[in-house]
Amino acid sequence: MSDLLRMEIFDCIAAVARPVHDFGDEFMSDEATATIGLRAGFAPGRGFYCRGRFGVLGEAPAAVVQAVQGFLGPDLVATGWRAGRPVMPAEEAAACYAGAVRTWGCAHIPADVDVEHFNRLAQQLIDAADADGLPLFAGWRAQPVPADDPVGAAMQRIHVLREHRGACHLAAVRLSGLSAREAMVVNLGVEQATRYGWQESRPVAAPLIPRWQRAEQLTDELQAPLYATLTDRQRSEFVQLVDELTSSPTLMTGRREQPQVHERTA
């Protein structure tokens, strides 16, 4: 069987993890996304991001939101969550954020991608996931996906799959004996970890690096049951579709102009 028709589970996971993460990260950091938040009544800052992304958790205290998402510094999360609270209820903010996800996808997913087939395969993965212990993923999986907007729906499913890996990675990090702060420093370095809200971070001891590598392996293992539901051919097709979907010419130009940071934790 040719490589096009056959792909092993862990090869598939490795092939899609980075583009799924980075495409979602580009949405979150785009000025166009921030503009949607401003138009909805959120002040500049992290209010729309925190209230929108974590609004699927409901009206939880900031400390609970922090415990669920893990990888952002507690002051960053608390400030953004509280700033967004007066603007709209959590459920409404999550729906607004989901709308922003779809709008961004419609602007950046190439027109020639077979989003219908992507949606079928992505939904199969999402449906197969065990959400126990993954409340942020569970909340996003429960968000309605419009049937009349296949391109926007594809972007929303990218976001849901991103939340699944992020939630699995947080569990894997803790099981590997790392704190979220340590994982961020190992993965991104002190300067980048500080940008994500971990103030006064310091380099971690060298013996912690194998723990982070183990956390990456555990993350793949936690995701394996999803991808086991696809056939070899479907996994190959899914990798190809993810590559096509996340290969916006404008974004690819920006990626070539900027140094790449391997980031799976935020």
# chains A, B, ... in the order shown; residues from 1 in each chain; ligands from 1

call {"tool": "closest_atom_pairs", "arguments": {"of": "range 34-138 of chain A", "to": "range 156-165 of chain A", "cutoff": "7 Å", "atoms": "only C-alpha atoms", "output": "Markdown table"}}
result
| residue | atom | partner | partner_atom | distance |
| --- | --- | --- | --- | --- |
| A:Ala98 | CA | A:Gln156 | CA | 6.9 |
| A:Val101 | CA | A:Gln156 | CA | 6.0 |
| A:Arg102 | CA | A:Gln156 | CA | 5.9 |
| A:Ala122 | CA | A:Arg157 | CA | 6.5 |
| A:Ile126 | CA | A:Leu161 | CA | 6.9 |
| A:Leu136 | CA | A:Glu163 | CA | 6.8 |
| A:Phe137 | CA | A:Glu163 | CA | 5.2 |

call {"tool": "residues_around", "arguments": {"residues": "range 34-38 of chain A", "least_positions_apart": "5", "cutoff": "8 Å", "atoms": "only C-alpha atoms", "output": "list in words"}}
result
Ser29, Ala43, Pro44, Phe48 and Ala100 of chain A

call {"tool": "residues_around", "arguments": {"residues": "Val239 in chain A", "least_positions_apart": "2", "cutoff": "9 Å", "atoms": "only C-alpha atoms", "output": "NGL selection string"}}
result
:A and (12-13 or 15-16 or 234-237 or 241-244)

call {"tool": "write_last_selection", "arguments": {"atoms": "N, CA, C and O atoms", "output": "tab-separated table (two decimals), in the first residue's frame"}}
result
chain	number	residue	atom	x	y	z
A	12	CYS	N	0.23	10.34	11.88
A	12	CYS	CA	-0.86	11.27	11.60
A	12	CYS	C	-0.93	12.35	12.67
A	12	CYS	O	-1.04	13.55	12.36
A	13	ILE	N	-0.87	11.95	13.92
A	13	ILE	CA	-0.93	12.92	15.02
A	13	ILE	C	0.21	13.92	14.91
A	13	ILE	O	0.02	15.14	15.05
A	15	ALA	N	1.81	14.81	12.29
A	15	ALA	CA	1.69	15.65	11.10
A	15	ALA	C	0.69	16.78	11.27
A	15	ALA	O	0.85	17.85	10.66
A	16	VAL	N	-0.36	16.57	12.06
A	16	VAL	CA	-1.40	17.60	12.16
A	16	VAL	C	-1.29	18.46	13.40
A	16	VAL	O	-1.88	19.55	13.45
A	234	GLN	N	-8.04	7.27	5.48
A	234	GLN	CA	-8.65	8.48	6.04
A	234	GLN	C	-7.61	9.33	6.78
A	234	GLN	O	-7.66	10.56	6.72
A	235	ARG	N	-6.68	8.68	7.47
A	235	ARG	CA	-5.64	9.45	8.16
A	235	ARG	C	-4.77	10.18	7.15
A	235	ARG	O	-4.41	11.35	7.35
A	236	SER	N	-4.43	9.52	6.06
A	236	SER	CA	-3.65	10.19	5.01
A	236	SER	C	-4.44	11.37	4.42
A	236	SER	O	-3.88	12.45	4.19
A	237	GLU	N	-5.71	11.15	4.18
A	237	GLU	CA	-6.55	12.22	3.64
A	237	GLU	C	-6.66	13.37	4.63
A	237	GLU	O	-6.63	14.55	4.23
A	241	LEU	N	-5.69	17.23	4.04
A	241	LEU	CA	-6.71	18.28	4.17
A	241	LEU	C	-6.28	19.34	5.18
A	241	LEU	O	-6.49	20.54	4.95
A	242	VAL	N	-5.69	18.92	6.29
A	242	VAL	CA	-5.21	19.89	7.28
A	242	VAL	C	-4.14	20.77	6.67
A	242	VAL	O	-4.11	21.99	6.87
A	243	ASP	N	-3.23	20.16	5.91
A	243	ASP	CA	-2.18	20.93	5.26
A	243	ASP	C	-2.77	21.95	4.30
A	243	ASP	O	-2.36	23.12	4.29
A	244	GLU	N	-3.74	21.53	3.50
A	244	GLU	CA	-4.37	22.45	2.55
A	244	GLU	C	-5.16	23.53	3.27
A	244	GLU	O	-5.13	24.71	2.88

call {"tool": "atom_distance", "arguments": {"atom1": "CA of Asp220 in chain A", "atom2": "CA of Gln240 in chain A"}}
result
19.0 Å

call {"tool": "residues_around", "arguments": {"residues": "Asp30 in chain A", "least_positions_apart": "6", "cutoff": "12 Å", "atoms": "only C-alpha atoms", "output": "list in words"}}
result
Asp22, Phe23, Gly24, Ile36, Gly37, Tyr49, Ala100, Val101, Thr103, Trp104, Gly105, Ala107, His108, Leu251 and Gly254 of chain A

call {"tool": "atom_distance", "arguments": {"atom1": "CA of Gly47 in chain A", "atom2": "CA of Tyr196 in chain A"}}
result
14.6 Å

call {"tool": "residues_around", "arguments": {"residues": "Phe71 in chain A", "least_positions_apart": "4", "cutoff": "12 Å", "atoms": "only C-alpha atoms", "output": "PyMOL selection string"}}
result
chain A and resi 65-67+75-77+166-171+173-174+178-185+187-188+193-198+263-266

call {"tool": "closest_residue", "arguments": {"among": "A:Ala215, A:Ala142, A:Val151, A:Ala40", "to": "Glu92 in chain A", "atoms": "only C-alpha atoms"}}
result
A:Ala40

call {"tool": "select_by_dssp", "arguments": {"residues": "range 30-149 of chain A", "states": "alpha helix (DSSP H)", "output": "PyMOL selection string"}}
result
chain A and resi 31-39+47-53+62-69+74-84+90-108+115-128+135-141

call {"tool": "atom_distance", "arguments": {"atom1": "CA of Tyr227 in chain A", "atom2": "CA of Phe54 in chain A"}}
result
25.8 Å
